[in-house]
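One file, protein39.txt, is given below (compact mmCIF, C-alpha atoms and all ligand atoms).
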```txt
# COMPACT_ATOMS: atom_id res chain seq x y z
CA MET A 1 24.94 -37.18 40.98
CA GLN A 2 26.94 -34.02 40.45
CA LEU A 3 24.91 -30.83 39.84
CA ILE A 4 26.74 -28.26 37.76
CA SER A 5 25.05 -24.89 37.94
CA CYS A 6 25.28 -23.00 34.65
CA THR A 7 24.51 -19.34 34.12
CA ASP A 8 22.50 -19.90 30.94
CA TYR A 9 22.00 -22.13 27.91
CA ALA A 10 25.29 -21.07 26.29
CA ASP A 11 27.24 -21.78 29.48
CA MET A 12 25.55 -25.18 29.82
CA SER A 13 26.39 -26.04 26.22
CA ARG A 14 30.04 -24.99 26.55
CA LYS A 15 30.56 -26.91 29.77
CA ALA A 16 29.00 -30.12 28.45
CA ALA A 17 30.94 -29.86 25.19
CA ARG A 18 34.17 -29.48 27.13
CA VAL A 19 33.64 -32.82 28.88
CA ILE A 20 32.82 -34.59 25.60
CA ALA A 21 35.82 -32.99 23.88
CA ALA A 22 38.12 -34.15 26.68
CA GLN A 23 36.73 -37.67 26.36
CA VAL A 24 37.39 -37.72 22.60
CA ARG A 25 40.89 -36.30 22.96
CA LEU A 26 41.84 -38.79 25.68
CA LYS A 27 40.29 -41.74 23.87
CA PRO A 28 39.95 -41.08 20.13
CA GLN A 29 37.97 -44.29 19.58
CA SER A 30 35.33 -43.32 22.16
CA VAL A 31 31.74 -44.52 21.93
CA LEU A 32 29.43 -41.53 22.35
CA GLY A 33 25.78 -42.01 23.23
CA LEU A 34 24.00 -39.08 21.58
CA ALA A 35 20.66 -37.38 22.13
CA THR A 36 18.28 -35.26 20.08
CA GLY A 37 15.81 -32.51 21.03
CA SER A 38 16.42 -28.79 21.32
CA THR A 39 18.60 -28.97 24.43
CA PRO A 40 21.78 -30.58 23.02
CA VAL A 41 21.89 -28.42 19.87
CA GLY A 42 24.16 -25.84 21.54
CA THR A 43 26.50 -28.59 22.74
CA TYR A 44 26.77 -29.93 19.19
CA LYS A 45 27.45 -26.39 17.91
CA GLU A 46 30.27 -26.01 20.40
CA LEU A 47 31.75 -29.40 19.46
CA ILE A 48 31.59 -28.38 15.79
CA ARG A 49 33.46 -25.18 16.69
CA LEU A 50 36.11 -27.19 18.53
CA HIS A 51 36.43 -29.49 15.52
CA ARG A 52 36.92 -26.52 13.17
CA GLU A 53 39.10 -24.32 15.34
CA GLN A 54 40.94 -26.74 17.60
CA GLU A 55 41.19 -29.90 15.50
CA LEU A 56 38.90 -31.98 17.68
CA ASP A 57 39.03 -35.23 15.73
CA PHE A 58 35.96 -37.49 15.46
CA SER A 59 37.40 -39.79 12.79
CA ARG A 60 37.69 -42.77 15.15
CA VAL A 61 34.56 -42.05 17.21
CA THR A 62 31.53 -44.33 17.13
CA SER A 63 28.11 -42.97 18.06
CA VAL A 64 24.88 -44.59 19.15
CA ASN A 65 21.73 -42.51 19.39
CA LEU A 66 19.07 -43.00 22.00
CA ASP A 67 15.95 -43.20 19.91
CA GLU A 68 13.98 -42.71 16.70
CA TYR A 69 10.33 -42.08 15.96
CA TYR A 70 8.61 -45.24 14.78
CA GLY A 71 7.32 -44.83 11.25
CA LEU A 72 9.60 -41.98 10.13
CA SER A 73 12.12 -42.59 7.36
CA PRO A 74 15.71 -41.34 7.78
CA GLU A 75 14.93 -38.66 5.17
CA HIS A 76 11.90 -37.28 7.03
CA GLY A 77 12.63 -33.72 8.20
CA GLN A 78 11.68 -34.57 11.81
CA SER A 79 13.40 -37.93 11.99
CA TYR A 80 16.30 -38.16 14.38
CA HIS A 81 18.47 -39.48 11.56
CA HIS A 82 17.87 -36.16 9.81
CA PHE A 83 18.37 -34.18 13.03
CA MET A 84 21.76 -35.73 13.70
CA ARG A 85 23.03 -35.12 10.18
CA VAL A 86 21.88 -31.50 10.11
CA ASN A 87 22.91 -30.57 13.65
CA PHE A 88 26.11 -32.53 14.04
CA PHE A 89 27.35 -35.27 11.71
CA ASN A 90 27.49 -33.16 8.53
CA HIS A 91 29.79 -30.66 10.23
CA ILE A 92 32.42 -32.93 11.79
CA ASN A 93 34.70 -35.67 10.48
CA ILE A 94 32.85 -38.63 11.98
CA SER A 95 32.50 -41.56 9.60
CA LEU A 96 28.76 -41.96 8.93
CA GLY A 97 29.30 -45.73 8.92
CA ASN A 98 30.23 -45.45 12.59
CA THR A 99 27.01 -43.65 13.53
CA HIS A 100 24.03 -45.68 14.70
CA ILE A 101 20.39 -44.73 15.20
CA PRO A 102 17.46 -47.15 15.59
CA ASP A 103 15.64 -47.94 12.33
CA GLY A 104 12.24 -46.24 12.57
CA LEU A 105 10.94 -48.11 9.54
CA THR A 106 11.73 -51.62 10.68
CA LYS A 107 9.14 -54.29 9.99
CA ASP A 108 10.66 -56.51 12.69
CA VAL A 109 10.78 -54.39 15.83
CA ALA A 110 11.92 -57.18 18.15
CA LYS A 111 14.86 -58.06 15.90
CA THR A 112 15.86 -54.42 15.40
CA CYS A 113 15.81 -53.79 19.15
CA ALA A 114 17.77 -56.95 19.94
CA GLU A 115 20.36 -56.06 17.29
CA TYR A 116 20.69 -52.54 18.69
CA ASP A 117 21.39 -53.95 22.15
CA GLN A 118 23.91 -56.38 20.68
CA LEU A 119 25.60 -53.50 18.89
CA VAL A 120 25.92 -51.50 22.12
CA THR A 121 27.32 -54.55 23.91
CA SER A 122 29.78 -55.31 21.11
CA LEU A 123 31.03 -51.72 21.26
CA GLY A 124 31.70 -52.15 24.97
CA GLY A 125 28.95 -49.69 25.97
CA MET A 126 28.96 -45.89 25.83
CA ASP A 127 31.91 -43.99 27.27
CA ILE A 128 29.65 -40.97 27.60
CA GLN A 129 25.87 -40.82 27.33
CA LEU A 130 24.39 -37.41 26.60
CA LEU A 131 20.79 -36.95 27.80
CA GLY A 132 18.08 -34.32 27.81
CA ILE A 133 15.09 -34.62 30.10
CA GLY A 134 11.40 -34.30 29.29
CA ASN A 135 9.17 -32.00 31.32
CA ASN A 136 7.52 -35.25 32.49
CA GLY A 137 10.89 -36.62 33.64
CA HIS A 138 11.46 -38.93 30.70
CA ILE A 139 14.95 -39.74 29.45
CA ALA A 140 15.21 -40.82 25.83
CA PHE A 141 11.61 -42.00 25.25
CA ASN A 142 11.36 -43.85 28.55
CA GLU A 143 8.09 -42.33 29.66
CA PRO A 144 6.57 -42.27 33.18
CA GLY A 145 5.90 -45.82 34.28
CA ALA A 146 8.88 -47.14 32.29
CA PHE A 147 10.25 -50.51 33.24
CA PHE A 148 13.64 -49.87 34.85
CA TYR A 149 15.10 -53.10 33.51
CA ALA A 150 14.21 -52.48 29.85
CA GLN A 151 16.68 -52.45 27.00
CA THR A 152 15.84 -51.15 23.53
CA HIS A 153 12.10 -51.38 22.86
CA LEU A 154 9.08 -49.84 21.15
CA VAL A 155 7.15 -47.36 23.31
CA ASP A 156 3.89 -45.46 23.13
CA LEU A 157 4.65 -41.78 23.60
CA ASP A 158 3.16 -39.97 26.59
CA GLU A 159 0.55 -37.26 25.90
CA LYS A 160 2.89 -34.65 27.43
CA THR A 161 5.70 -35.69 25.09
CA ILE A 162 3.42 -35.52 22.06
CA LYS A 163 2.34 -32.01 23.06
CA ALA A 164 5.92 -30.90 23.83
CA ASN A 165 7.24 -32.21 20.50
CA ALA A 166 4.34 -30.84 18.44
CA ARG A 167 6.36 -27.61 18.07
CA PHE A 168 8.65 -29.41 15.61
CA PHE A 169 5.75 -30.65 13.41
CA GLU A 170 3.06 -28.87 11.35
CA SER A 171 0.46 -30.01 13.86
CA GLU A 172 0.11 -32.21 16.92
CA ALA A 173 -1.66 -34.82 14.79
CA GLU A 174 1.54 -35.35 12.80
CA VAL A 175 3.67 -36.28 15.81
CA PRO A 176 4.33 -40.03 15.68
CA ARG A 177 2.67 -41.90 18.53
CA GLN A 178 5.43 -44.44 19.01
CA ALA A 179 9.21 -44.58 19.09
CA ILE A 180 12.03 -47.07 19.39
CA THR A 181 14.14 -46.15 22.38
CA MET A 182 17.06 -47.45 24.33
CA GLY A 183 15.81 -48.59 27.71
CA LEU A 184 16.84 -47.33 31.11
CA ARG A 185 19.01 -50.38 31.62
CA SER A 186 20.89 -49.62 28.38
CA ILE A 187 21.36 -45.98 29.41
CA LEU A 188 22.65 -46.95 32.85
CA SER A 189 25.33 -49.09 31.24
CA ALA A 190 27.15 -45.91 30.13
CA LYS A 191 30.35 -45.14 32.02
CA LEU A 192 29.56 -41.44 32.37
CA ILE A 193 26.17 -39.75 31.92
CA LEU A 194 25.79 -36.06 31.08
CA LEU A 195 22.25 -34.76 31.51
CA LEU A 196 21.42 -31.30 30.18
CA ALA A 197 18.48 -29.15 31.24
CA SER A 198 17.60 -25.61 30.32
CA GLY A 199 14.55 -23.48 31.08
CA ALA A 200 11.73 -23.27 33.59
CA SER A 201 9.73 -26.07 31.94
CA LYS A 202 12.34 -28.54 33.25
CA ALA A 203 12.50 -27.24 36.82
CA ALA A 204 9.94 -29.59 38.38
CA ALA A 205 11.42 -32.66 36.68
CA ILE A 206 14.96 -31.70 37.74
CA ALA A 207 13.86 -31.19 41.35
CA LYS A 208 12.19 -34.61 41.46
CA MET A 209 15.15 -36.27 39.74
CA VAL A 210 17.55 -34.85 42.30
CA LYS A 211 15.51 -34.91 45.51
CA GLY A 212 12.65 -37.31 44.97
CA PRO A 213 12.56 -41.04 45.46
CA VAL A 214 13.71 -43.36 42.69
CA ASP A 215 10.36 -43.82 41.02
CA PRO A 216 9.32 -45.23 37.60
CA GLN A 217 6.85 -42.32 37.37
CA LEU A 218 9.89 -40.04 37.07
CA PRO A 219 12.21 -42.13 34.89
CA ALA A 220 15.20 -39.76 35.27
CA SER A 221 15.24 -40.50 39.01
CA ILE A 222 16.90 -43.83 38.22
CA LEU A 223 20.05 -41.84 37.49
CA GLN A 224 20.46 -41.53 41.27
CA LEU A 225 21.60 -45.16 41.12
CA HIS A 226 24.39 -44.47 38.62
CA PRO A 227 27.83 -43.69 40.09
CA ASN A 228 28.91 -41.14 37.52
CA VAL A 229 26.24 -38.60 36.48
CA MET A 230 26.90 -34.93 35.73
CA VAL A 231 23.84 -32.68 35.48
CA PHE A 232 24.44 -29.42 33.60
CA ALA A 233 21.50 -27.15 34.26
CA ASP A 234 20.87 -23.44 33.90
CA GLN A 235 19.39 -21.23 36.61
CA GLU A 236 15.79 -21.64 35.45
CA ALA A 237 16.02 -25.41 35.35
CA LEU A 238 17.59 -25.45 38.81
CA ALA A 239 15.02 -23.11 40.35
CA LEU A 240 13.24 -25.84 42.37
CA ALA A 241 16.18 -28.17 43.03
P1 LIG A 301 14.07 -30.95 24.51
O1 LIG A 301 13.63 -32.44 24.77
O2 LIG A 301 15.56 -30.94 24.55
O3 LIG A 301 13.55 -30.62 23.13
O4 LIG A 301 13.47 -30.11 25.58
C1 LIG A 301 14.25 -33.13 25.80
C2 LIG A 301 13.63 -34.50 25.93
O5 LIG A 301 12.42 -34.65 25.63
O6 LIG A 301 14.33 -35.43 26.34
```
As a first step, turn the structure in this file into structure tokens.
Amino acid sequence: MQLISCTDYADMSRKAARVIAAQVRLKPQSVLGLATGSTPVGTYKELIRLHREQELDFSRVTSVNLDEYYGLSPEHGQSYHHFMRVNFFNHINISLGNTHIPDGLTKDVAKTCAEYDQLVTSLGGMDIQLLGIGNNGHIAFNEPGAFFYAQTHLVDLDEKTIKANARFFESEAEVPRQAITMGLRSILSAKLILLLASGASKAAAIAKMVKGPVDPQLPASILQLHPNVMVFADQEALALA
């Protein structure tokens, strides 16, 4: 695991975007594993800038997103479908047909999850997987206690996650209680993993991820077992590492 110390959020975003841009330039048909949440927004902004100013071309890229709230339609303002369009897809030349996000409205969860795993396999896995980290150490919606061997599945959200994500909703009561998420096994199949962390609220989780034992109670700690992980973290997030 390579720790890249960043001066601040903007520096973190620029550095992470540079790696993704290099990947896309070297392999135009790359498969990008994408993440939502507040942390990657700056990285997407920087990639949009590179697309506009330096002809970074996403026309042959395929994307697979980590997760979606269960029960939210793609049009819902807090769905991750909506997030990805507003924060990234609408501003670059990716073909929307090549973007994939779990269906939060599925009536057949098992089939949807199995098909998502088959899709990832048929694409040959992610060339790069972008990740944030929860203040409880989750990655995607793999919450503390997650089964390390899991692929895509339906999860009950942790109380800490519901509280942390309430800021995006009118009230905590409106935060969905479940989500469909790629599992830790799916995430570990990526060739390169970029994990982003910014702010003091992530410091304890980052310290445990880096220094602690590999422990299902801190799902991000499983990344210690992956050969190719880059952690881009600002000073506040690195304070305890
Ligand atoms: P955040 O979420 O980027 O909004 O802090 C990260 C996460 O929960 O994985």
Kindly compile the residues surrounding ligand LIG 301 (chain A) within 9 Å, counting all atoms listed in the file, and format them as a CSV table (one decimal) with C-alpha atoms, in the frame of the given file.
```csv
chain,number,residue,atom,x,y,z
A,35,ALA,CA,20.7,-37.4,22.1
A,36,THR,CA,18.3,-35.3,20.1
A,37,GLY,CA,15.8,-32.5,21.0
A,38,SER,CA,16.4,-28.8,21.3
A,39,THR,CA,18.6,-29.0,24.4
A,40,PRO,CA,21.8,-30.6,23.0
A,41,VAL,CA,21.9,-28.4,19.9
A,131,LEU,CA,20.8,-37.0,27.8
A,132,GLY,CA,18.1,-34.3,27.8
A,133,ILE,CA,15.1,-34.6,30.1
A,134,GLY,CA,11.4,-34.3,29.3
A,135,ASN,CA,9.2,-32.0,31.3
A,136,ASN,CA,7.5,-35.2,32.5
A,137,GLY,CA,10.9,-36.6,33.6
A,138,HIS,CA,11.5,-38.9,30.7
A,139,ILE,CA,15.0,-39.7,29.4
A,140,ALA,CA,15.2,-40.8,25.8
A,141,PHE,CA,11.6,-42.0,25.2
A,161,THR,CA,5.7,-35.7,25.1
A,164,ALA,CA,5.9,-30.9,23.8
A,165,ASN,CA,7.2,-32.2,20.5
A,196,LEU,CA,21.4,-31.3,30.2
A,197,ALA,CA,18.5,-29.2,31.2
A,198,SER,CA,17.6,-25.6,30.3
A,199,GLY,CA,14.6,-23.5,31.1
A,201,SER,CA,9.7,-26.1,31.9
A,202,LYS,CA,12.3,-28.5,33.2
```
Checklist entry - Which is closer to Phe168 (chain A) than all the others in A:Met1, A:Ala21, A:Ser79, A:Asn65, using all atoms listed in the file? => result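 With all atoms listed in the file as the atom set, the closest residue is A:Ser79.
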Next on the checklist: Nearest residue to Ile206 (chain A) out of A:Leu3, A:Ala16, A:Leu194, A:Met182, using all atoms listed in the file?
Outcome noted: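 For Ile206 (chain A), the nearest of the candidates is A:Leu3.
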Find the residues around Ala146 (chain A) up to 12 Å (all atoms listed in the file counted), leave out those fewer than 6 positions away in its own chain, and share them as a compact mmCIF listing (two decimals) with C-alpha atoms, keeping the file's coordinate frame.
```
# COMPACT_ATOMS: atom_id res chain seq x y z
CA ASN A 136 7.52 -35.25 32.49
CA GLY A 137 10.89 -36.62 33.64
CA HIS A 138 11.46 -38.93 30.70
CA ILE A 139 14.95 -39.74 29.45
CA ALA A 140 15.21 -40.82 25.83
CA THR A 152 15.84 -51.15 23.53
CA HIS A 153 12.10 -51.38 22.86
CA LEU A 154 9.08 -49.84 21.15
CA VAL A 155 7.15 -47.36 23.31
CA ASP A 156 3.89 -45.46 23.13
CA LEU A 157 4.65 -41.78 23.60
CA ASP A 158 3.16 -39.97 26.59
CA THR A 181 14.14 -46.15 22.38
CA MET A 182 17.06 -47.45 24.33
CA GLY A 183 15.81 -48.59 27.71
CA LEU A 184 16.84 -47.33 31.11
CA ARG A 185 19.01 -50.38 31.62
CA ASP A 215 10.36 -43.82 41.02
CA PRO A 216 9.32 -45.23 37.60
CA GLN A 217 6.85 -42.32 37.37
CA LEU A 218 9.89 -40.04 37.07
CA PRO A 219 12.21 -42.13 34.89
CA ALA A 220 15.20 -39.76 35.27
CA SER A 221 15.24 -40.50 39.01
CA ILE A 222 16.90 -43.83 38.22
```
Item to check | Atomic separation - CA of His51 (chain A) relative to CA of Ile4 (chain A), Å | outcome: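 CA of His51 (chain A) lies at a distance of 24.3 Å from CA of Ile4 (chain A).
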Next on the checklist: My list of candidates is A:Leu238, A:Val61, A:Leu130, A:Ile162. Which is closest to Ser13 (chain A) when distances are computed with all atoms listed in the file?
Outcome noted: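 Closest to Ser13 (chain A), using all atoms listed in the file: A:Leu130.
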Checklist entry - Residues at most 9 Å from Val229 (chain A), counting all atoms listed in the file, excluding those fewer than 4 positions away in the same chain, as a count of residues only? => result 10
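Comparing A:Asn98, A:Gln78, A:Ala190, A:Gln129 by their smallest distance to Ala166 (chain A), the closest is A:Gln78 (using only C-alpha atoms).
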Item to check | Within 10 Å of Val31 (chain A) using all atoms listed in the file, minus same-chain residues under 6 positions, as a PyMOL selection string | outcome: chain A and resi 23-24+60-64+98-99+120+123-129+190
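Taking CA of Ser30 (chain A) as the reference point, CA of Glu55 (chain A) is found at 16.1 Å.
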Checklist entry - In Å to one decimal, how far is CA of Ile48 (chain A) from CA of Phe89 (chain A)? => result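 These atoms are spaced 9.1 Å apart.
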Checklist entry - Which residue, A:Ile180, A:Leu188, A:Ala237, A:Leu66, has the smallest gap to Ala200 (chain A) when you use only C-alpha atoms? => result A:Ala237
Item to check | Residue with smallest distance to His100 (chain A) - pool A:Ala17, A:Asn87, A:Phe147, A:Leu32, counting all atoms listed in the file | outcome: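 Closest residue, counting all atoms listed in the file: A:Leu32.
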As a PDB file, in the frame of the given file, could you write out region 90-116 of chain A once it has been completed with N, CA and C atoms?
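Below is the file that was written, rebuild.pdb:
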```pdb
ATOM      1  N   ASN A  90      27.055 -33.776   9.790  1.00  0.00           N
ATOM      2  CA  ASN A  90      27.490 -33.160   8.530  1.00  0.00           C
ATOM      3  C   ASN A  90      28.597 -32.127   8.723  1.00  0.00           C
ATOM      4  N   HIS A  91      28.861 -31.763   9.978  1.00  0.00           N
ATOM      5  CA  HIS A  91      29.790 -30.660  10.230  1.00  0.00           C
ATOM      6  C   HIS A  91      31.083 -31.105  10.911  1.00  0.00           C
ATOM      7  N   ILE A  92      31.208 -32.416  11.149  1.00  0.00           N
ATOM      8  CA  ILE A  92      32.420 -32.930  11.790  1.00  0.00           C
ATOM      9  C   ILE A  92      32.958 -34.070  10.925  1.00  0.00           C
ATOM     10  N   ASN A  93      34.102 -34.631  11.311  1.00  0.00           N
ATOM     11  CA  ASN A  93      34.700 -35.670  10.480  1.00  0.00           C
ATOM     12  C   ASN A  93      34.415 -37.081  11.002  1.00  0.00           C
ATOM     13  N   ILE A  94      33.226 -37.270  11.573  1.00  0.00           N
ATOM     14  CA  ILE A  94      32.850 -38.630  11.980  1.00  0.00           C
ATOM     15  C   ILE A  94      32.532 -39.421  10.718  1.00  0.00           C
ATOM     16  N   SER A  95      32.848 -40.712  10.731  1.00  0.00           N
ATOM     17  CA  SER A  95      32.500 -41.560   9.600  1.00  0.00           C
ATOM     18  C   SER A  95      31.033 -41.982   9.763  1.00  0.00           C
ATOM     19  N   LEU A  96      30.196 -41.668   8.769  1.00  0.00           N
ATOM     20  CA  LEU A  96      28.760 -41.960   8.930  1.00  0.00           C
ATOM     21  C   LEU A  96      28.514 -43.448   9.181  1.00  0.00           C
ATOM     22  N   GLY A  97      29.426 -44.288   8.680  1.00  0.00           N
ATOM     23  CA  GLY A  97      29.300 -45.730   8.920  1.00  0.00           C
ATOM     24  C   GLY A  97      29.463 -46.098  10.378  1.00  0.00           C
ATOM     25  N   ASN A  98      30.046 -45.200  11.151  1.00  0.00           N
ATOM     26  CA  ASN A  98      30.230 -45.450  12.590  1.00  0.00           C
ATOM     27  C   ASN A  98      29.144 -44.800  13.437  1.00  0.00           C
ATOM     28  N   THR A  99      28.107 -44.264  12.785  1.00  0.00           N
ATOM     29  CA  THR A  99      27.010 -43.650  13.530  1.00  0.00           C
ATOM     30  C   THR A  99      25.805 -44.590  13.493  1.00  0.00           C
ATOM     31  N   HIS A 100      25.137 -44.712  14.604  1.00  0.00           N
ATOM     32  CA  HIS A 100      24.030 -45.680  14.700  1.00  0.00           C
ATOM     33  C   HIS A 100      22.808 -45.019  15.342  1.00  0.00           C
ATOM     34  N   ILE A 101      21.665 -45.247  14.709  1.00  0.00           N
ATOM     35  CA  ILE A 101      20.390 -44.730  15.200  1.00  0.00           C
ATOM     36  C   ILE A 101      19.359 -45.831  14.934  1.00  0.00           C
ATOM     37  N   PRO A 102      18.440 -46.096  15.856  1.00  0.00           N
ATOM     38  CA  PRO A 102      17.460 -47.150  15.590  1.00  0.00           C
ATOM     39  C   PRO A 102      16.692 -46.901  14.279  1.00  0.00           C
ATOM     40  N   ASP A 103      16.356 -47.997  13.613  1.00  0.00           N
ATOM     41  CA  ASP A 103      15.640 -47.940  12.330  1.00  0.00           C
ATOM     42  C   ASP A 103      14.141 -47.752  12.596  1.00  0.00           C
ATOM     43  N   GLY A 104      13.646 -46.551  12.308  1.00  0.00           N
ATOM     44  CA  GLY A 104      12.240 -46.240  12.570  1.00  0.00           C
ATOM     45  C   GLY A 104      11.275 -46.890  11.601  1.00  0.00           C
ATOM     46  N   LEU A 105      11.818 -47.482  10.542  1.00  0.00           N
ATOM     47  CA  LEU A 105      10.940 -48.110   9.540  1.00  0.00           C
ATOM     48  C   LEU A 105      10.957 -49.628   9.601  1.00  0.00           C
ATOM     49  N   THR A 106      11.597 -50.163  10.625  1.00  0.00           N
ATOM     50  CA  THR A 106      11.730 -51.620  10.680  1.00  0.00           C
ATOM     51  C   THR A 106      10.371 -52.320  10.665  1.00  0.00           C
ATOM     52  N   LYS A 107      10.353 -53.471   9.989  1.00  0.00           N
ATOM     53  CA  LYS A 107       9.140 -54.290   9.990  1.00  0.00           C
ATOM     54  C   LYS A 107       9.225 -55.334  11.108  1.00  0.00           C
ATOM     55  N   ASP A 108      10.456 -55.517  11.632  1.00  0.00           N
ATOM     56  CA  ASP A 108      10.660 -56.510  12.690  1.00  0.00           C
ATOM     57  C   ASP A 108      11.251 -55.798  13.910  1.00  0.00           C
ATOM     58  N   VAL A 109      10.353 -55.233  14.708  1.00  0.00           N
ATOM     59  CA  VAL A 109      10.780 -54.390  15.830  1.00  0.00           C
ATOM     60  C   VAL A 109      11.638 -55.182  16.819  1.00  0.00           C
ATOM     61  N   ALA A 110      11.199 -56.395  17.141  1.00  0.00           N
ATOM     62  CA  ALA A 110      11.920 -57.180  18.150  1.00  0.00           C
ATOM     63  C   ALA A 110      13.357 -57.430  17.702  1.00  0.00           C
ATOM     64  N   LYS A 111      13.516 -57.777  16.418  1.00  0.00           N
ATOM     65  CA  LYS A 111      14.860 -58.060  15.900  1.00  0.00           C
ATOM     66  C   LYS A 111      15.717 -56.778  15.890  1.00  0.00           C
ATOM     67  N   THR A 112      15.132 -55.694  15.447  1.00  0.00           N
ATOM     68  CA  THR A 112      15.860 -54.420  15.400  1.00  0.00           C
ATOM     69  C   THR A 112      16.333 -54.017  16.791  1.00  0.00           C
ATOM     70  N   CYS A 113      15.454 -54.164  17.771  1.00  0.00           N
ATOM     71  CA  CYS A 113      15.810 -53.790  19.150  1.00  0.00           C
ATOM     72  C   CYS A 113      16.905 -54.702  19.691  1.00  0.00           C
ATOM     73  N   ALA A 114      16.766 -56.003  19.440  1.00  0.00           N
ATOM     74  CA  ALA A 114      17.770 -56.950  19.940  1.00  0.00           C
ATOM     75  C   ALA A 114      19.125 -56.670  19.289  1.00  0.00           C
ATOM     76  N   GLU A 115      19.101 -56.347  17.995  1.00  0.00           N
ATOM     77  CA  GLU A 115      20.360 -56.060  17.290  1.00  0.00           C
ATOM     78  C   GLU A 115      20.994 -54.763  17.809  1.00  0.00           C
ATOM     79  N   TYR A 116      20.153 -53.804  18.166  1.00  0.00           N
ATOM     80  CA  TYR A 116      20.690 -52.540  18.690  1.00  0.00           C
ATOM     81  C   TYR A 116      21.394 -52.789  20.038  1.00  0.00           C
TER      82      TYR A 116
END
```
